[in-house]
$ cat data.txt   # compact mmCIF, N, CA, C and O atoms
# COMPACT_ATOMS: atom_id res chain seq x y z
N MET A 1 33.30 -13.83 -7.03
CA MET A 1 32.53 -14.56 -6.04
C MET A 1 31.77 -13.59 -5.13
O MET A 1 30.62 -13.82 -4.80
N LYS A 2 32.45 -12.50 -4.73
CA LYS A 2 31.79 -11.52 -3.86
C LYS A 2 30.60 -10.88 -4.57
O LYS A 2 29.59 -10.59 -3.94
N LYS A 3 30.72 -10.66 -5.86
CA LYS A 3 29.64 -10.05 -6.63
C LYS A 3 28.41 -10.95 -6.64
O LYS A 3 27.28 -10.49 -6.49
N LYS A 4 28.62 -12.24 -6.82
CA LYS A 4 27.51 -13.19 -6.84
C LYS A 4 26.83 -13.27 -5.47
O LYS A 4 25.61 -13.30 -5.37
N LEU A 5 27.61 -13.26 -4.42
CA LEU A 5 27.07 -13.32 -3.07
C LEU A 5 26.27 -12.05 -2.76
O LEU A 5 25.17 -12.13 -2.20
N LEU A 6 26.79 -10.90 -3.15
CA LEU A 6 26.09 -9.64 -2.93
C LEU A 6 24.77 -9.62 -3.71
O LEU A 6 23.73 -9.21 -3.19
N THR A 7 24.79 -10.07 -4.95
CA THR A 7 23.58 -10.14 -5.77
C THR A 7 22.55 -11.06 -5.14
O THR A 7 21.36 -10.73 -5.07
N LEU A 8 22.98 -12.21 -4.66
CA LEU A 8 22.08 -13.15 -4.01
C LEU A 8 21.47 -12.55 -2.75
O LEU A 8 20.27 -12.65 -2.51
N LEU A 9 22.28 -11.86 -1.96
CA LEU A 9 21.81 -11.23 -0.73
C LEU A 9 20.79 -10.13 -1.03
O LEU A 9 19.74 -10.06 -0.40
N LEU A 10 21.08 -9.28 -1.99
CA LEU A 10 20.15 -8.20 -2.36
C LEU A 10 18.85 -8.77 -2.93
O LEU A 10 17.76 -8.28 -2.62
N GLY A 11 18.96 -9.78 -3.76
CA GLY A 11 17.77 -10.41 -4.33
C GLY A 11 16.88 -11.03 -3.26
O GLY A 11 15.66 -10.88 -3.28
N THR A 12 17.49 -11.70 -2.31
CA THR A 12 16.74 -12.31 -1.22
C THR A 12 16.05 -11.24 -0.37
O THR A 12 14.89 -11.38 0.01
N SER A 13 16.76 -10.14 -0.10
CA SER A 13 16.17 -9.04 0.67
C SER A 13 14.97 -8.44 -0.05
O SER A 13 13.94 -8.15 0.57
N LEU A 14 15.07 -8.27 -1.35
CA LEU A 14 13.97 -7.72 -2.14
C LEU A 14 12.76 -8.64 -2.11
O LEU A 14 11.63 -8.19 -1.88
N VAL A 15 12.98 -9.92 -2.29
CA VAL A 15 11.87 -10.88 -2.26
C VAL A 15 11.19 -10.90 -0.90
O VAL A 15 9.97 -10.89 -0.80
N MET A 16 11.97 -10.88 0.16
CA MET A 16 11.38 -10.90 1.50
C MET A 16 10.62 -9.61 1.77
O MET A 16 9.55 -9.62 2.39
N GLY A 17 11.14 -8.48 1.31
CA GLY A 17 10.46 -7.20 1.49
C GLY A 17 9.13 -7.17 0.75
O GLY A 17 8.12 -6.71 1.28
N LEU A 18 9.11 -7.68 -0.47
CA LEU A 18 7.86 -7.70 -1.24
C LEU A 18 6.85 -8.68 -0.65
O LEU A 18 5.65 -8.42 -0.67
N ALA A 19 7.32 -9.77 -0.12
CA ALA A 19 6.41 -10.74 0.49
C ALA A 19 5.72 -10.14 1.71
O ALA A 19 4.55 -10.43 1.97
N ALA A 20 6.39 -9.27 2.42
CA ALA A 20 5.81 -8.65 3.60
C ALA A 20 4.68 -7.68 3.24
O ALA A 20 3.77 -7.45 4.02
N CYS A 21 4.71 -7.10 2.05
CA CYS A 21 3.70 -6.12 1.64
C CYS A 21 2.31 -6.71 1.52
O CYS A 21 1.32 -6.02 1.71
N GLY A 22 2.19 -7.97 1.18
CA GLY A 22 0.87 -8.56 0.94
C GLY A 22 0.14 -9.00 2.17
O GLY A 22 -1.05 -9.26 2.10
N GLY A 23 0.75 -9.06 3.30
CA GLY A 23 0.24 -9.64 4.53
C GLY A 23 -1.26 -9.59 4.77
O GLY A 23 -1.96 -8.73 4.29
N GLY A 24 -1.76 -10.55 5.49
CA GLY A 24 -3.17 -10.58 5.90
C GLY A 24 -4.09 -11.10 4.82
O GLY A 24 -3.81 -10.99 3.64
N GLY A 25 -5.20 -11.63 5.23
CA GLY A 25 -6.19 -12.11 4.28
C GLY A 25 -7.33 -11.11 4.21
O GLY A 25 -7.39 -10.16 4.96
N ASP A 26 -8.24 -11.32 3.27
CA ASP A 26 -9.40 -10.45 3.17
C ASP A 26 -10.31 -10.71 4.34
O ASP A 26 -10.68 -11.83 4.63
N LYS A 27 -10.67 -9.64 5.03
CA LYS A 27 -11.55 -9.75 6.17
C LYS A 27 -12.74 -8.85 5.96
O LYS A 27 -12.63 -7.78 5.38
N ASP A 28 -13.89 -9.25 6.46
CA ASP A 28 -15.07 -8.42 6.43
C ASP A 28 -14.89 -7.39 7.54
O ASP A 28 -14.76 -7.73 8.70
N THR A 29 -14.90 -6.11 7.16
CA THR A 29 -14.66 -5.06 8.14
C THR A 29 -15.94 -4.51 8.73
O THR A 29 -15.93 -3.48 9.40
N GLY A 30 -17.08 -5.14 8.48
CA GLY A 30 -18.30 -4.76 9.16
C GLY A 30 -19.27 -3.95 8.35
O GLY A 30 -20.30 -3.57 8.85
N GLY A 31 -18.94 -3.62 7.11
CA GLY A 31 -19.89 -2.91 6.25
C GLY A 31 -20.22 -1.53 6.75
O GLY A 31 -19.51 -0.91 7.49
N GLY A 32 -21.41 -1.05 6.32
CA GLY A 32 -21.83 0.29 6.68
C GLY A 32 -21.38 1.29 5.66
O GLY A 32 -20.23 1.30 5.26
N GLY A 33 -22.27 2.14 5.19
CA GLY A 33 -21.94 3.07 4.12
C GLY A 33 -21.66 4.48 4.60
O GLY A 33 -21.63 5.39 3.80
N LYS A 34 -21.48 4.71 5.87
CA LYS A 34 -21.22 6.04 6.38
C LYS A 34 -19.81 6.47 6.01
O LYS A 34 -18.90 5.67 5.97
N ASP A 35 -19.62 7.79 5.78
CA ASP A 35 -18.33 8.31 5.40
C ASP A 35 -17.27 8.04 6.47
O ASP A 35 -16.15 7.66 6.16
N THR A 36 -17.60 8.24 7.74
CA THR A 36 -16.61 8.01 8.79
C THR A 36 -16.29 6.53 8.90
O THR A 36 -15.15 6.16 9.13
N ALA A 37 -17.30 5.68 8.71
CA ALA A 37 -17.05 4.24 8.74
C ALA A 37 -16.14 3.84 7.60
O ALA A 37 -15.25 3.01 7.76
N THR A 38 -16.35 4.43 6.42
CA THR A 38 -15.51 4.12 5.27
C THR A 38 -14.07 4.53 5.53
O THR A 38 -13.15 3.78 5.21
N GLY A 39 -13.86 5.69 6.16
CA GLY A 39 -12.50 6.12 6.50
C GLY A 39 -11.86 5.19 7.51
O GLY A 39 -10.69 4.84 7.39
N ASP A 40 -12.64 4.78 8.51
CA ASP A 40 -12.13 3.83 9.49
C ASP A 40 -11.81 2.49 8.85
O ASP A 40 -10.79 1.88 9.16
N GLU A 41 -12.69 2.04 7.95
CA GLU A 41 -12.46 0.78 7.26
C GLU A 41 -11.21 0.86 6.40
O GLU A 41 -10.39 -0.07 6.38
N ALA A 42 -11.04 1.98 5.70
CA ALA A 42 -9.86 2.16 4.85
C ALA A 42 -8.59 2.13 5.69
O ALA A 42 -7.59 1.51 5.29
N ALA A 43 -8.62 2.77 6.84
CA ALA A 43 -7.45 2.78 7.72
C ALA A 43 -7.13 1.37 8.21
O ALA A 43 -5.96 0.97 8.28
N LYS A 44 -8.15 0.58 8.51
CA LYS A 44 -7.94 -0.80 8.95
C LYS A 44 -7.37 -1.65 7.83
O LYS A 44 -6.46 -2.46 8.04
N ILE A 45 -7.90 -1.48 6.62
CA ILE A 45 -7.40 -2.22 5.46
C ILE A 45 -5.94 -1.86 5.21
O ILE A 45 -5.09 -2.73 5.00
N PHE A 46 -5.63 -0.56 5.24
CA PHE A 46 -4.27 -0.10 5.06
C PHE A 46 -3.35 -0.72 6.11
O PHE A 46 -2.27 -1.21 5.79
N ASP A 47 -3.80 -0.71 7.35
CA ASP A 47 -3.00 -1.27 8.44
C ASP A 47 -2.71 -2.75 8.21
O ASP A 47 -1.60 -3.22 8.44
N GLN A 48 -3.71 -3.50 7.74
CA GLN A 48 -3.56 -4.94 7.53
C GLN A 48 -2.70 -5.27 6.31
O GLN A 48 -1.94 -6.22 6.33
N LYS A 49 -2.83 -4.49 5.25
CA LYS A 49 -2.22 -4.89 3.98
C LYS A 49 -1.05 -4.02 3.52
O LYS A 49 -0.29 -4.45 2.66
N CYS A 50 -0.94 -2.80 4.02
CA CYS A 50 0.03 -1.86 3.46
C CYS A 50 1.08 -1.35 4.45
O CYS A 50 2.15 -0.92 4.05
N SER A 51 0.73 -1.36 5.74
CA SER A 51 1.59 -0.72 6.72
C SER A 51 2.95 -1.41 6.88
O SER A 51 3.91 -0.77 7.30
N SER A 52 3.03 -2.68 6.52
CA SER A 52 4.33 -3.35 6.65
C SER A 52 5.37 -2.74 5.72
O SER A 52 6.56 -2.79 6.03
N CYS A 53 4.94 -2.13 4.63
CA CYS A 53 5.87 -1.48 3.71
C CYS A 53 5.84 0.04 3.82
O CYS A 53 6.86 0.70 3.68
N HIS A 54 4.65 0.60 4.03
CA HIS A 54 4.50 2.06 4.04
C HIS A 54 4.47 2.65 5.44
O HIS A 54 4.37 3.86 5.59
N GLY A 55 4.53 1.81 6.47
CA GLY A 55 4.53 2.27 7.85
C GLY A 55 3.13 2.56 8.35
O GLY A 55 2.28 3.03 7.61
N GLY A 56 2.89 2.27 9.61
CA GLY A 56 1.60 2.51 10.22
C GLY A 56 1.26 3.99 10.27
O GLY A 56 0.10 4.38 10.30
N ASP A 57 2.29 4.85 10.22
CA ASP A 57 2.10 6.29 10.24
C ASP A 57 2.18 6.89 8.84
O ASP A 57 2.23 8.11 8.69
N LEU A 58 2.23 6.04 7.81
CA LEU A 58 2.30 6.43 6.39
C LEU A 58 3.63 7.08 6.00
O LEU A 58 3.76 7.58 4.90
N LYS A 59 4.61 7.07 6.89
CA LYS A 59 5.87 7.77 6.62
C LYS A 59 6.88 6.95 5.82
O LYS A 59 7.97 7.40 5.55
N GLY A 60 6.51 5.73 5.45
CA GLY A 60 7.38 4.94 4.61
C GLY A 60 8.21 3.94 5.37
O GLY A 60 8.16 3.86 6.59
N GLY A 61 8.96 3.21 4.64
CA GLY A 61 9.82 2.15 5.14
C GLY A 61 10.42 1.51 3.90
O GLY A 61 11.19 2.13 3.18
N VAL A 62 9.98 0.30 3.60
CA VAL A 62 10.35 -0.35 2.34
C VAL A 62 9.68 0.41 1.20
O VAL A 62 10.25 0.64 0.16
N GLY A 63 8.42 0.80 1.41
CA GLY A 63 7.66 1.58 0.43
C GLY A 63 7.78 3.06 0.71
O GLY A 63 8.24 3.48 1.77
N PRO A 64 7.33 3.89 -0.24
CA PRO A 64 7.47 5.34 -0.07
C PRO A 64 6.54 5.94 0.99
O PRO A 64 5.54 5.34 1.37
N ASN A 65 6.86 7.14 1.40
CA ASN A 65 6.06 7.95 2.31
C ASN A 65 4.75 8.30 1.62
O ASN A 65 4.73 8.76 0.48
N LEU A 66 3.62 8.10 2.30
CA LEU A 66 2.31 8.39 1.73
C LEU A 66 1.56 9.48 2.49
O LEU A 66 0.37 9.68 2.26
N THR A 67 2.24 10.20 3.37
CA THR A 67 1.55 11.19 4.20
C THR A 67 0.90 12.30 3.37
O THR A 67 -0.10 12.87 3.80
N LYS A 68 1.43 12.60 2.18
CA LYS A 68 0.88 13.66 1.32
C LYS A 68 0.63 13.14 -0.09
O LYS A 68 0.69 13.90 -1.06
N VAL A 69 0.35 11.85 -0.22
CA VAL A 69 0.19 11.24 -1.54
C VAL A 69 -0.97 11.85 -2.33
O VAL A 69 -0.92 11.94 -3.55
N GLY A 70 -2.00 12.34 -1.63
CA GLY A 70 -3.15 12.94 -2.31
C GLY A 70 -2.83 14.26 -2.99
O GLY A 70 -3.56 14.68 -3.88
N SER A 71 -1.74 14.90 -2.60
CA SER A 71 -1.35 16.14 -3.27
C SER A 71 -0.58 15.85 -4.56
O SER A 71 -0.41 16.73 -5.39
N LYS A 72 -0.17 14.61 -4.73
CA LYS A 72 0.59 14.22 -5.93
C LYS A 72 -0.27 13.41 -6.91
O LYS A 72 -0.12 13.54 -8.11
N TYR A 73 -1.17 12.55 -6.37
CA TYR A 73 -1.98 11.68 -7.21
C TYR A 73 -3.46 11.81 -6.88
O TYR A 73 -3.83 11.99 -5.72
N SER A 74 -4.30 11.66 -7.89
CA SER A 74 -5.75 11.65 -7.69
C SER A 74 -6.17 10.26 -7.20
O SER A 74 -5.38 9.32 -7.21
N LYS A 75 -7.44 10.16 -6.79
CA LYS A 75 -7.97 8.87 -6.35
C LYS A 75 -7.80 7.82 -7.44
O LYS A 75 -7.38 6.69 -7.18
N ASP A 76 -8.14 8.18 -8.69
CA ASP A 76 -8.03 7.22 -9.80
C ASP A 76 -6.59 6.79 -10.05
O ASP A 76 -6.33 5.63 -10.36
N GLU A 77 -5.65 7.72 -9.92
CA GLU A 77 -4.24 7.37 -10.11
C GLU A 77 -3.76 6.44 -9.00
O GLU A 77 -3.02 5.48 -9.26
N ILE A 78 -4.18 6.71 -7.78
CA ILE A 78 -3.81 5.84 -6.65
C ILE A 78 -4.42 4.46 -6.84
O ILE A 78 -3.76 3.44 -6.64
N LEU A 79 -5.68 4.42 -7.26
CA LEU A 79 -6.35 3.14 -7.51
C LEU A 79 -5.63 2.36 -8.60
O LEU A 79 -5.44 1.14 -8.48
N ASN A 80 -5.16 3.04 -9.63
CA ASN A 80 -4.40 2.39 -10.70
C ASN A 80 -3.11 1.78 -10.16
O ASN A 80 -2.74 0.66 -10.52
N ILE A 81 -2.43 2.50 -9.28
CA ILE A 81 -1.19 1.98 -8.67
C ILE A 81 -1.50 0.75 -7.82
O ILE A 81 -0.77 -0.25 -7.86
N ILE A 82 -2.59 0.81 -7.06
CA ILE A 82 -2.97 -0.33 -6.22
C ILE A 82 -3.27 -1.55 -7.10
O ILE A 82 -2.82 -2.66 -6.81
N HIS A 83 -4.00 -1.36 -8.19
CA HIS A 83 -4.37 -2.47 -9.06
C HIS A 83 -3.19 -3.03 -9.86
O HIS A 83 -3.06 -4.25 -9.99
N ASN A 84 -2.33 -2.15 -10.37
CA ASN A 84 -1.30 -2.57 -11.31
C ASN A 84 0.11 -2.61 -10.73
O ASN A 84 1.03 -3.06 -11.40
N GLY A 85 0.29 -2.10 -9.52
CA GLY A 85 1.62 -2.06 -8.93
C GLY A 85 2.44 -0.94 -9.55
O GLY A 85 2.03 -0.31 -10.53
N ARG A 86 3.60 -0.69 -8.96
CA ARG A 86 4.49 0.35 -9.47
C ARG A 86 5.82 0.22 -8.76
O ARG A 86 5.87 0.04 -7.55
N GLY A 87 6.89 0.35 -9.50
CA GLY A 87 8.21 0.22 -8.89
C GLY A 87 8.33 -1.14 -8.22
O GLY A 87 8.13 -2.16 -8.84
N GLY A 88 8.58 -1.17 -6.94
CA GLY A 88 8.69 -2.42 -6.20
C GLY A 88 7.39 -2.92 -5.62
O GLY A 88 7.34 -4.00 -5.02
N MET A 89 6.31 -2.15 -5.78
CA MET A 89 5.03 -2.56 -5.22
C MET A 89 4.35 -3.58 -6.12
O MET A 89 4.16 -3.33 -7.30
N PRO A 90 3.95 -4.72 -5.56
CA PRO A 90 3.27 -5.73 -6.38
C PRO A 90 1.83 -5.30 -6.68
O PRO A 90 1.21 -4.54 -5.94
N ALA A 91 1.32 -5.80 -7.78
CA ALA A 91 -0.06 -5.52 -8.18
C ALA A 91 -1.04 -6.31 -7.32
O ALA A 91 -0.74 -7.40 -6.86
N GLY A 92 -2.22 -5.73 -7.10
CA GLY A 92 -3.31 -6.46 -6.48
C GLY A 92 -3.17 -6.78 -5.00
O GLY A 92 -3.79 -7.72 -4.53
N VAL A 93 -2.40 -5.99 -4.26
CA VAL A 93 -2.30 -6.22 -2.83
C VAL A 93 -3.67 -6.03 -2.18
O VAL A 93 -4.03 -6.74 -1.25
N ILE A 94 -4.43 -5.07 -2.70
CA ILE A 94 -5.81 -4.83 -2.27
C ILE A 94 -6.69 -4.90 -3.51
O ILE A 94 -6.30 -4.41 -4.57
N THR A 95 -7.87 -5.48 -3.40
CA THR A 95 -8.75 -5.62 -4.55
C THR A 95 -10.17 -5.15 -4.22
O THR A 95 -10.51 -4.93 -3.05
N GLY A 96 -10.98 -5.02 -5.25
CA GLY A 96 -12.40 -4.73 -5.10
C GLY A 96 -12.71 -3.43 -4.38
O GLY A 96 -12.01 -2.43 -4.53
N ASP A 97 -13.78 -3.46 -3.58
CA ASP A 97 -14.22 -2.29 -2.84
C ASP A 97 -13.16 -1.82 -1.85
O ASP A 97 -13.05 -0.62 -1.58
N ASP A 98 -12.39 -2.75 -1.31
CA ASP A 98 -11.33 -2.39 -0.37
C ASP A 98 -10.31 -1.46 -1.04
O ASP A 98 -9.88 -0.47 -0.45
N ALA A 99 -9.94 -1.77 -2.28
CA ALA A 99 -8.99 -0.93 -3.01
C ALA A 99 -9.56 0.46 -3.23
O ALA A 99 -8.86 1.47 -3.08
N ASP A 100 -10.83 0.53 -3.57
CA ASP A 100 -11.50 1.81 -3.80
C ASP A 100 -11.52 2.65 -2.52
O ASP A 100 -11.25 3.85 -2.54
N LYS A 101 -11.83 2.02 -1.40
CA LYS A 101 -11.87 2.73 -0.11
C LYS A 101 -10.50 3.28 0.25
O LYS A 101 -10.37 4.42 0.69
N VAL A 102 -9.47 2.47 0.08
CA VAL A 102 -8.12 2.90 0.44
C VAL A 102 -7.65 4.01 -0.50
O VAL A 102 -7.04 4.99 -0.06
N ALA A 103 -7.95 3.89 -1.79
CA ALA A 103 -7.56 4.94 -2.75
C ALA A 103 -8.23 6.27 -2.39
O ALA A 103 -7.58 7.32 -2.44
N GLU A 104 -9.50 6.22 -2.04
CA GLU A 104 -10.21 7.44 -1.66
C GLU A 104 -9.60 8.04 -0.39
O GLU A 104 -9.37 9.24 -0.30
N TRP A 105 -9.33 7.18 0.58
CA TRP A 105 -8.75 7.61 1.85
C TRP A 105 -7.37 8.24 1.64
O TRP A 105 -7.07 9.30 2.18
N LEU A 106 -6.53 7.59 0.82
CA LEU A 106 -5.20 8.10 0.57
C LEU A 106 -5.24 9.40 -0.24
O LEU A 106 -4.40 10.29 -0.04
N SER A 107 -6.19 9.53 -1.15
CA SER A 107 -6.27 10.73 -1.97
C SER A 107 -6.58 11.98 -1.13
O SER A 107 -6.31 13.10 -1.56
N ALA A 108 -7.12 11.79 0.05
CA ALA A 108 -7.41 12.91 0.96
C ALA A 108 -6.18 13.32 1.77
O ALA A 108 -6.22 14.33 2.48
N LYS A 109 -5.10 12.56 1.68
CA LYS A 109 -3.87 12.86 2.43
C LYS A 109 -3.07 13.91 1.65
O LYS A 109 -2.43 13.61 0.66
N LYS A 110 -3.17 15.17 2.11
CA LYS A 110 -2.53 16.25 1.36
C LYS A 110 -1.61 17.07 2.22
O LYS A 110 -1.67 17.43 3.24
$ encode --input "data.txt" --output "structure tokens"
Amino acid sequence: MKKKLLTLLLGTSLVMGLAACGGGGDKDTGGGGKDTATGDEAAKIFDQKCSSCHGGDLKGGVGPNLTKVGSKYSKDEILNIIHNGRGGMPAGVITGDDADKVAEWLSAKK
């Protein structure tokens, strides 16, 4: 009985943790093609959609630490993880140009 209760508790915690990762809806961040604007936009997108798992300071939480993710993965590899998910991260939390901006921004974190 204790084993079933523990399994149920862990499963519920996992589901709630994953549900928190997707937060927020798609918002227009104001456009503009400047490099600094793109970095600011990427940071805002990350804050809205990713910080609940990876922390506002990128140091992790439910998700892994991303402070130096660019030294481990290229932009394309990060974009692939965003699109397809990995480990406990669900696929498609960020899509389209927003995913590209965040992948580029994260790839610079070394």
$ closest_residue --input "data.txt" --among "A:Pro90, A:Gly39, A:Lys75, A:Gly85" --to "Ala103 (chain A)" --atoms "only C-alpha atoms"
A:Lys75
$ atom_distance --input "data.txt" --atom1 "atom O of Asp97 (chain A)" --atom2 "CA of Gly61 (chain A)"
24.0 Å
$ atom_distance --input "data.txt" --atom1 "atom C of Lys44 (chain A)" --atom2 "atom C of Gly96 (chain A)"
13.4 Å
$ atom_distance --input "data.txt" --atom1 "CA of Asp76 (chain A)" --atom2 "CA of Gly63 (chain A)"
19.6 Å
$ select_by_dssp --input "data.txt" --residues "region 37-100 of chain A" --states "alpha helix (DSSP H)" --output "MDAnalysis selection string"
chainID A and resid 37:49 51:54 75:84 96:100
$ residues_around --input "data.txt" --residues "Ile82 (chain A)" --least-positions-apart "3" --cutoff "7 Å" --atoms "all atoms listed in the file" --output "VMD selection string"
chain A and resid 76 to 79 85 to 86 90 to 95 99
$ closest_residue --input "data.txt" --among "A:Gly56, A:Ala108, A:Val102, A:Phe46" --to "Asn80 (chain A)" --atoms "only C-alpha atoms"
A:Val102
$ residues_around --input "data.txt" --residues "Leu106 (chain A)" --least-positions-apart "5" --cutoff "7 Å" --atoms "all atoms listed in the file" --output "PyMOL selection string"
chain A and resi 66-71+73-75+100-101
$ decode --input "data.txt" --residues "region 27-89 of chain A" --atoms "C-alpha atoms" --output "short mmCIF file (atom, residue, chain, number, x, y, z; two decimals), in the first residue's frame"
data_model
loop_
_atom_site.label_atom_id
_atom_site.label_comp_id
_atom_site.auth_asym_id
_atom_site.auth_seq_id
_atom_site.Cartn_x
_atom_site.Cartn_y
_atom_site.Cartn_z
CA LYS A 27 2.48 37.40 -26.65
CA ASP A 28 3.69 39.91 -29.19
CA THR A 29 6.91 41.26 -27.72
CA GLY A 30 7.02 44.34 -29.91
CA GLY A 31 9.04 43.23 -32.92
CA GLY A 32 12.14 45.04 -34.08
CA GLY A 33 15.12 43.35 -35.69
CA LYS A 34 17.92 44.89 -33.64
CA ASP A 35 20.34 42.51 -31.93
CA THR A 36 19.82 44.05 -28.48
CA ALA A 37 16.06 43.98 -28.95
CA THR A 38 16.27 40.31 -29.93
CA GLY A 39 18.24 39.55 -26.75
CA ASP A 40 15.73 41.45 -24.65
CA GLU A 41 12.86 39.67 -26.39
CA ALA A 42 14.51 36.29 -25.83
CA ALA A 43 14.97 37.07 -22.14
CA LYS A 44 11.28 38.04 -21.85
CA ILE A 45 10.17 34.87 -23.65
CA PHE A 46 12.41 32.78 -21.40
CA ASP A 47 11.01 34.52 -18.32
CA GLN A 48 7.41 33.86 -19.43
CA LYS A 49 7.79 30.27 -20.61
CA CYS A 50 10.91 28.71 -19.09
CA SER A 51 11.83 30.36 -15.80
CA SER A 52 9.30 28.39 -13.78
CA CYS A 53 11.45 25.28 -14.36
CA HIS A 54 14.90 26.69 -15.13
CA GLY A 55 14.80 29.65 -12.72
CA GLY A 56 14.77 33.34 -13.52
CA ASP A 57 18.55 33.35 -13.02
CA LEU A 58 19.00 30.25 -15.26
CA LYS A 59 20.43 28.31 -12.29
CA GLY A 60 17.81 25.57 -12.45
CA GLY A 61 15.07 24.23 -10.28
CA VAL A 62 12.82 21.52 -11.69
CA GLY A 63 14.81 21.87 -14.93
CA PRO A 64 18.60 21.91 -15.29
CA ASN A 65 20.96 24.85 -14.83
CA LEU A 66 21.33 26.78 -18.11
CA THR A 67 23.90 29.40 -17.09
CA LYS A 68 26.57 27.79 -19.34
CA VAL A 69 24.37 25.80 -21.72
CA GLY A 70 26.03 27.42 -24.77
CA SER A 71 29.35 25.82 -23.88
CA LYS A 72 27.71 22.38 -24.08
CA TYR A 73 25.20 22.78 -26.95
CA SER A 74 25.10 24.76 -30.19
CA LYS A 75 22.16 26.96 -31.16
CA ASP A 76 20.79 24.19 -33.41
CA GLU A 77 21.08 21.59 -30.64
CA ILE A 78 19.29 23.89 -28.19
CA LEU A 79 16.60 24.58 -30.78
CA ASN A 80 16.16 20.82 -31.27
CA ILE A 81 15.68 20.36 -27.52
CA ILE A 82 13.13 23.19 -27.44
CA HIS A 83 11.19 21.68 -30.36
CA ASN A 84 11.36 18.01 -29.37
CA GLY A 85 11.77 18.08 -25.59
CA ARG A 86 14.29 16.06 -23.63
CA GLY A 87 14.23 14.18 -20.36
CA GLY A 88 11.39 15.75 -18.37
CA MET A 89 11.07 18.79 -20.63
#
